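Below: one structure, written as structure tokens.
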There are 4 protein chains.
Amino acid sequence: MNTATLLISCPDRKGISAAIANFLFTYNANIVHSDQHQDNSENLFLMRVEWDLTDFTLDMAAFAPAFQPIADRFAMQWQVALSAKRPRMAIFVSKYDHCLVDLLHRHQSGELHCDIPLIISNHEDCRALANFYGIPYHVVEVTRDSKSEAEAAQRELLQANGIDLIVLARYMQVLSHEFTAAYPQKVINIHHSFLPAFDGAKPYHRAFARGVKLIGATSHYVTEVLDDGPIIEQDVIRISHREDVEDLVLKGRDLERIVLSRAVKWHLEHRVLVYANKTVIFA
Amino acid sequence: MNTATLLISCPDRKGISAAIANFLFTYNANIVHSDQHQDNSENLFLMRVEWDLTDFTLDMAAFAPAFQPIADRFAMQWQVALSAKRPRMAIFVSKYDHCLVDLLHRHQSGELHCDIPLIISNHEDCRALANFYGIPYHVVEVTRDSKSEAEAAQRELLQANGIDLIVLARYMQVLSHEFTAAYPQKVINIHHSFLPAFDGAKPYHRAFARGVKLIGATSHYVTEVLDDGPIIEQDVIRISHREDVEDLVLKGRDLERIVLSRAVKWHLEHRVLVYANKTVIFA
Amino acid sequence: MNTATLLISCPDRKGISAAIANFLFTYNANIVHSDQHQDNSENLFLMRVEWDLTDFTLDMAAFAPAFQPIADRFAMQWQVALSAKRPRMAIFVSKYDHCLVDLLHRHQSGELHCDIPLIISNHEDCRALANFYGIPYHVVEVTRDSKSEAEAAQRELLQANGIDLIVLARYMQVLSHEFTAAYPQKVINIHHSFLPAFDGAKPYHRAFARGVKLIGATSHYVTEVLDDGPIIEQDVIRISHREDVEDLVLKGRDLERIVLSRAVKWHLEHRVLVYANKTVIFA
Amino acid sequence: MNTATLLISCPDRKGISAAIANFLFTYNANIVHSDQHQDNSENLFLMRVEWDLTDFTLDMAAFAPAFQPIADRFAMQWQVALSAKRPRMAIFVSKYDHCLVDLLHRHQSGELHCDIPLIISNHEDCRALANFYGIPYHVVEVTRDSKSEAEAAQRELLQANGIDLIVLARYMQVLSHEFTAAYPQKVINIHHSFLPAFDGAKPYHRAFARGVKLIGATSHYVTEVLDDGPIIEQDVIRISHREDVEDLVLKGRDLERIVLSRAVKWHLEHRVLVYANKTVIFA
């Protein structure tokens with residue numbers, strides 16, 4: 001189905017729904033998904049609406065000028081996305097390949113609506129896998145001293161490939177503030193704990209030492225503050241005293257794969273709205 | 001907050017959202033919750049919208065005549081409920097009291113927006129508990145031979161108390177077809193299995209015998225076919241080989257309490273829409 | 001069944017199982033539950049064994065002198081408990097009564113193998129409930145200035161009633177170091193977050209602000225460091241953006257009840273072994 | 001670590017633990033994992049014990065004659081497995097490749113302690129994947145008429161490769177009774193429902209039609225009765241009314257992968273004991 005998706009957030013007041021519904025009805029939109037939310041603590045109205053373009057009488061090239069008066073009236077932040085324009089996603093990876101395997105297989109089987117023009121890594125390890133799926137693989141080495149050159153090289157690659165979304169699939173380097181600032185809400189990370197518990201290094205070791213009864217994984221947008229960006233998805237799994245740190249690492253991989261892939265899928269389908277350092281998921 | 005809630009289902013076509021949004025905006029409704037769903041396999045449009053009545057300029061006594069033209073245009077099935085009018089709920093119970101304790105405590109602490117004018121039981125066991133919470137307790141004995149007289153007595157009590165919803169809180173008698181037909185989508189049962197597995201008698205024993213790794217509970221509307229009505233809520237919990245049937249019974253009680261109370265709460269808040277022997281939960 | 005339960009921890013080495021199994025077999029023990037665990041990171045052997053006393057030929061009064069040579073040989077820490085001797089449990093509560101209702105109902109229905117000689121509160125609110133279940137209810141007011149006198153009064157009550165276990169059922173006062181030091185591994189608390197996330201005050205508010213996708217509850221032994229004692233049980237539940245702080249509080253109550261009651265039950269059945277600020281649960 | 005694992009089941013009576021512990025201690029076994037269970041309803045004693053062979057003074061070639069007298073005394077069914085002898089596992093697959101991708105990646109990353117000498121399929125689809133992981137791929141076409149010839153060819157391949165375990169990774173053909181009888185407790189299947197609900201064909205469609213609130217997956221040993229063998233592992237995931245059958249199929253894949261891989265891993269580590277058409281998992 002050829003659809004358009006509109007994401008809106010604005011101060012809550014009367015008449016917003018009516019204005020949007022009327023606008024879409026005027027151009028004969030066939031709505032396939034509509035969901036809205038009021039956050040009372042922030043007095044915000046948030047909405048996602050997706051419609052079939054088959055009978056839509058407004059040329060999408062003319063959408064912005066046609067919709068802007070409504071957006072202005074309600075002081076909306078908004079964006080519209082076309083299913084025909086597949087987002088372009090880059091994957092960053094280091095040596096652990098379980099999330100990469102998972103994302104590439106999902107992409108191949110049609111679960112992820114995007115193109116993947118490249119994979120960037122600081123190691124050679126995953127090249128064969130990338131080749132198997134036919135994705136160009138670029139190694140950009142990163143050392144303590146070469147970080148800014150490395151990031152420059154990475155950003156050049158991203159720009160040359162018109163990248164819309166960067167997924168850190170257990171990429172073990174911390175990105176600089178400059179880098180993350182250049183891609184706001186466009187870098188998704190998977191952290192191997194139930195944030196905010198065990199942010200930072202070695203979360204499985206610390207979970208084991210603390211004696212928690214469940215371990216978790218968290219997918220979030222990357223911001224300047226480490227492991228503090230808006231959470232997109234989390235999940236947990238029960239562990240027992242019979243499991244040592246190595247077992248937690250293995251068990252956690254299943255969580256990491258699933259939590260990251262859900263977050264990526266929702267982002268690619270324009271189901272995520274960010275506000276107040278949180279997310280609304282219109283799933 | 002003093003609100004009205006509208007539940008709608010109708011064949012899906014263009015313009016429904018706009019018509020409803022305009023209608024509400026015309027009378028200055030302040031929408032506090034709105035959720036809609038398209039079921040493509042049934043070609044149905046389903047919606048729940050709740051608005052604050054403070055600034056609403058249409059007298060709710062005049063709502064039906066004002067809204068009916070829209071309902072007619074789209075062939076809607078609809079109902080409107082006022083938060084000011086608390087539903088009247090009867091609880092049926094036998095000897096197991098765990099669900100009853102739970103419902104009465106939730107009611108007392110303000111979680112359940114309803115009045116409970118009476119409890120009906122086929123045993124004396126729970127009378128002290130009913131007394132503690134100040135709810136009239138009626139014993140109507142049921143034997144194989146007295147069932148129709150018993151149900152007549154029960155229905156008289158229900159009618160005399162203006163009951164809108166009947167909750168079977170582990171009530172161990174099967175209601176007759178006449179009874180359930182008289183209260184369509186108004187009788188909620190809790191079954192102690194993950195339906196459709198282990199419908200009928202002794203589900204924990206059969207779950208134990210089959211060696212399942214999770215046990216469940218299911219809350220559903222009662223229909224003529226035993227354990228086959230529209231499912232409102234389900235949940236499961238993991239068990240281990242160390243647990244025997246008695247342990248499953250104990251563990252299952254926690255599920256039964258929570259699953260039943262969620263279903264009751266959603267029903268009371270007009271969040272449940274039934275179609276095609278399923279439910280949509282606008283939660 | 002009339003049973004004895006032995007809990008053991010000692011440095012791991014060969015022959016421990018054989019020594020214990022032979023000792024029990026010598027006196028004709030009929031073992032009903034046996035579970036052991038090696039923690040390699042601490043080089044510890046941990047065991048729980050429970051046997052039917054019907055055919056046991058050693059008088060339990062003579063158990064300690066008979067077993068001590070084995071304990072000495074392997075440098076064991078050990079304790080033995082008799083099912084015939086029901087532990088005596090005190091419940092501390094403030095105004096929130098949901099955990100108290102839950103514990104009292106479970107006790108009444110036979111789920112918790114203990115006596116409850118008293119409830120202590122800093123408020124009058126739960127007196128009627130205590131009366132209904134026939135448990136003496138003592139109000140000990142606590143103010144910033146009266147804390148040490150209050151704790152003295154509480155400890156006198158505990159001693160006078162021969163209390164073995166104190167359960168803090170959403171008791172809103174922090175106990176002093178002197179108090180907790182006097183009851184090592186004998187005070188169980190329920191904290192309304194997935195520790196170590198959101199330790200301290202107002203965890204639901206902070207969970208809401210952080211935008212987590214799951215909320216949790218944690219039951220743990222109380223130590224000198226707030227919310228840092230050995231974790232006995234934890235669980236989580238998914239939340240959505242539609243839920244505000246008040247909803248989290250309500251939803252969390254279900255977790256608190258279940259997580260606390262599991263921890264209490266395991267403690268009462270001598271299924272919990274503490275080491276290295278963690279627990280092994282022999283469930 | 002070089003270990004041996006003993007799995008035992010026998011009628012429950014006194015002295016079994018002592019006999020086993022003494023036997024192992026006699027030969028200086030260093031026990032690394034020991035777990036036992038009494039099933040009272042069947043009066044069975046079930047045990048798994050694993051020990052490090054480093055200091056073990058009995059040659060494992062002489063284990064059977066040395067242990068048999070104890071086994072005879074207690075009427076034990078027993079088996080011993082050596083970690084040094086990796087089981088040989090065959091994977092059967094049709095067109096859906098998600099479970100195959102998962103198993104092969106886990107095998108490559110060292111999670112599954114086995115060799116995989118071959119993959120058998122009734123389609124060409126997964127050949128490239130098998131090649132990537134370097135596993136020989138055999139296509140054996142199956143039609144209604146050629147089933148018995150096809151199974152003969154499959155069994156020849158299995159025998160030629162010394163296969164110990166067959167994993168049906170969404171293999172879409174039903175095996176004949178002759179086939180399953182030849183591999184008792186050696187064929188593991190993944191069924192895409194929470195058995196016993198929705199056994200047989202099209203479980204996701206039927207789950208959707210019934211309106212369940214959770215979908216599941218079940219891994220079990222294959223017996224003569226379809227979807228009725230001993231359950232090894234199950235899990236479920238919540239769905240919403242927004243998800244159609246296709247969404248359930250996608251979501252279910254994650255369950256299928258994880259549930260199947262857990263079952264396979266436990267089997268390969270000799271953690272599964274079957275009795276009374278159920279399993280004990282010594283995990």
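In the structure tokens, chains take the letters A, B, ... in the order shown, each chain's residues start at 1, and ligands count up from 1 in the order shown.
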Taking 6 positions as the minimum chain separation for residues in the same chain, which residues sit within 10 Å of Ala130 in chain C when counting only C-alpha atoms? Answer as a ChimeraX atom specification. /C:100-101,104,118-119,136-138
Please produce an output containing N, CA and C atoms for each residue in the selection, written as a short mmCIF file (atom, residue, chain, number, x, y, z; two decimals), in the first residue's frame.
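See result27.cif below for the written result:
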```cif
data_model
loop_
_atom_site.label_atom_id
_atom_site.label_comp_id
_atom_site.auth_asym_id
_atom_site.auth_seq_id
_atom_site.Cartn_x
_atom_site.Cartn_y
_atom_site.Cartn_z
N LEU C 100 -1.00 -5.22 52.94
CA LEU C 100 -1.52 -5.81 54.18
C LEU C 100 -2.74 -6.68 53.90
N VAL C 101 -3.69 -6.16 53.12
CA VAL C 101 -4.87 -6.96 52.74
C VAL C 101 -4.43 -8.27 52.12
N LEU C 104 -2.75 -10.69 54.72
CA LEU C 104 -3.70 -11.25 55.69
C LEU C 104 -4.62 -12.28 55.03
N LEU C 118 1.00 -9.84 65.66
CA LEU C 118 0.68 -8.41 65.73
C LEU C 118 1.01 -7.67 64.45
N ILE C 119 0.29 -6.54 64.32
CA ILE C 119 0.57 -5.57 63.25
C ILE C 119 0.96 -4.27 63.96
N PRO C 136 -4.04 -8.50 66.58
CA PRO C 136 -3.82 -7.30 67.42
C PRO C 136 -3.09 -6.21 66.64
N TYR C 137 -3.55 -4.98 66.80
CA TYR C 137 -3.06 -3.84 66.02
C TYR C 137 -2.52 -2.79 66.96
N HIS C 138 -1.25 -2.46 66.83
CA HIS C 138 -0.60 -1.50 67.72
C HIS C 138 -0.19 -0.26 66.95
#
```
Residues of chain C within 6 Å of chain D, using only C-alpha atoms, as a PyMOL selection string? chain C and resi 14-15+18+21-22+25+30+35
Would you save the residues from that selection as a short mmCIF file (atom, residue, chain, number, x, y, z; two decimals), in the first residue's frame, using C-alpha atoms?
```cif
data_model
loop_
_atom_site.label_atom_id
_atom_site.label_comp_id
_atom_site.auth_asym_id
_atom_site.auth_seq_id
_atom_site.Cartn_x
_atom_site.Cartn_y
_atom_site.Cartn_z
CA LYS C 14 34.60 -32.74 47.27
CA GLY C 15 32.50 -34.98 49.47
CA ALA C 18 28.05 -37.54 50.19
CA ALA C 21 23.35 -37.73 52.18
CA ASN C 22 24.99 -40.41 54.31
CA PHE C 25 20.36 -41.93 55.28
CA ASN C 30 12.82 -39.65 53.65
CA ASP C 35 18.55 -28.70 45.91
#
```
Every residue of range 15-51 of chain B that DSSP places in alpha helix (DSSP H), as a VMD selection string: chain B and resid 16 to 26
Output file for the residues above (N, CA, C and O atoms, as a PDB file, in the first residue's frame):
```pdb
ATOM      1  N   ILE B  16     -15.620   9.329   8.481  1.00  0.00           N
ATOM      2  CA  ILE B  16     -16.214   9.058   9.795  1.00  0.00           C
ATOM      3  C   ILE B  16     -15.552   9.915  10.876  1.00  0.00           C
ATOM      4  O   ILE B  16     -16.228  10.600  11.653  1.00  0.00           O
ATOM      5  N   SER B  17     -14.213   9.875  10.918  1.00  0.00           N
ATOM      6  CA  SER B  17     -13.488  10.657  11.929  1.00  0.00           C
ATOM      7  C   SER B  17     -13.859  12.125  11.845  1.00  0.00           C
ATOM      8  O   SER B  17     -14.090  12.790  12.860  1.00  0.00           O
ATOM      9  N   ALA B  18     -13.879  12.643  10.627  1.00  0.00           N
ATOM     10  CA  ALA B  18     -14.170  14.064  10.448  1.00  0.00           C
ATOM     11  C   ALA B  18     -15.572  14.382  10.972  1.00  0.00           C
ATOM     12  O   ALA B  18     -15.770  15.387  11.675  1.00  0.00           O
ATOM     13  N   ALA B  19     -16.525  13.530  10.672  1.00  0.00           N
ATOM     14  CA  ALA B  19     -17.901  13.777  11.117  1.00  0.00           C
ATOM     15  C   ALA B  19     -17.988  13.806  12.644  1.00  0.00           C
ATOM     16  O   ALA B  19     -18.631  14.693  13.224  1.00  0.00           O
ATOM     17  N   ILE B  20     -17.312  12.861  13.276  1.00  0.00           N
ATOM     18  CA  ILE B  20     -17.367  12.807  14.745  1.00  0.00           C
ATOM     19  C   ILE B  20     -16.620  13.996  15.354  1.00  0.00           C
ATOM     20  O   ILE B  20     -17.115  14.657  16.271  1.00  0.00           O
ATOM     21  N   ALA B  21     -15.434  14.258  14.836  1.00  0.00           N
ATOM     22  CA  ALA B  21     -14.626  15.356  15.376  1.00  0.00           C
ATOM     23  C   ALA B  21     -15.356  16.694  15.220  1.00  0.00           C
ATOM     24  O   ALA B  21     -15.363  17.531  16.132  1.00  0.00           O
ATOM     25  N   ASN B  22     -15.986  16.871  14.076  1.00  0.00           N
ATOM     26  CA  ASN B  22     -16.721  18.123  13.860  1.00  0.00           C
ATOM     27  C   ASN B  22     -17.903  18.245  14.810  1.00  0.00           C
ATOM     28  O   ASN B  22     -18.163  19.311  15.372  1.00  0.00           O
ATOM     29  N   PHE B  23     -18.635  17.147  14.957  1.00  0.00           N
ATOM     30  CA  PHE B  23     -19.772  17.152  15.859  1.00  0.00           C
ATOM     31  C   PHE B  23     -19.340  17.572  17.264  1.00  0.00           C
ATOM     32  O   PHE B  23     -19.952  18.450  17.891  1.00  0.00           O
ATOM     33  N   LEU B  24     -18.261  16.960  17.746  1.00  0.00           N
ATOM     34  CA  LEU B  24     -17.810  17.262  19.104  1.00  0.00           C
ATOM     35  C   LEU B  24     -17.290  18.690  19.199  1.00  0.00           C
ATOM     36  O   LEU B  24     -17.520  19.390  20.189  1.00  0.00           O
ATOM     37  N   PHE B  25     -16.595  19.150  18.162  1.00  0.00           N
ATOM     38  CA  PHE B  25     -16.035  20.496  18.175  1.00  0.00           C
ATOM     39  C   PHE B  25     -17.137  21.555  18.142  1.00  0.00           C
ATOM     40  O   PHE B  25     -17.051  22.604  18.789  1.00  0.00           O
ATOM     41  N   THR B  26     -18.184  21.241  17.386  1.00  0.00           N
ATOM     42  CA  THR B  26     -19.333  22.152  17.310  1.00  0.00           C
ATOM     43  C   THR B  26     -19.856  22.505  18.698  1.00  0.00           C
ATOM     44  O   THR B  26     -20.244  23.640  18.977  1.00  0.00           O
TER      45      THR B  26
END
```
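Proximity to Leu112 in chain A at 10 Å, evaluated using only C-alpha atoms and with sequence-adjacent residues fewer than 6 positions away removed, yields Arg86, Pro87, Leu103, Leu104, His105, Arg106, Ser261, Arg262, Val264, Lys265, Trp266, His267, Leu268 and Glu269 of chain A.
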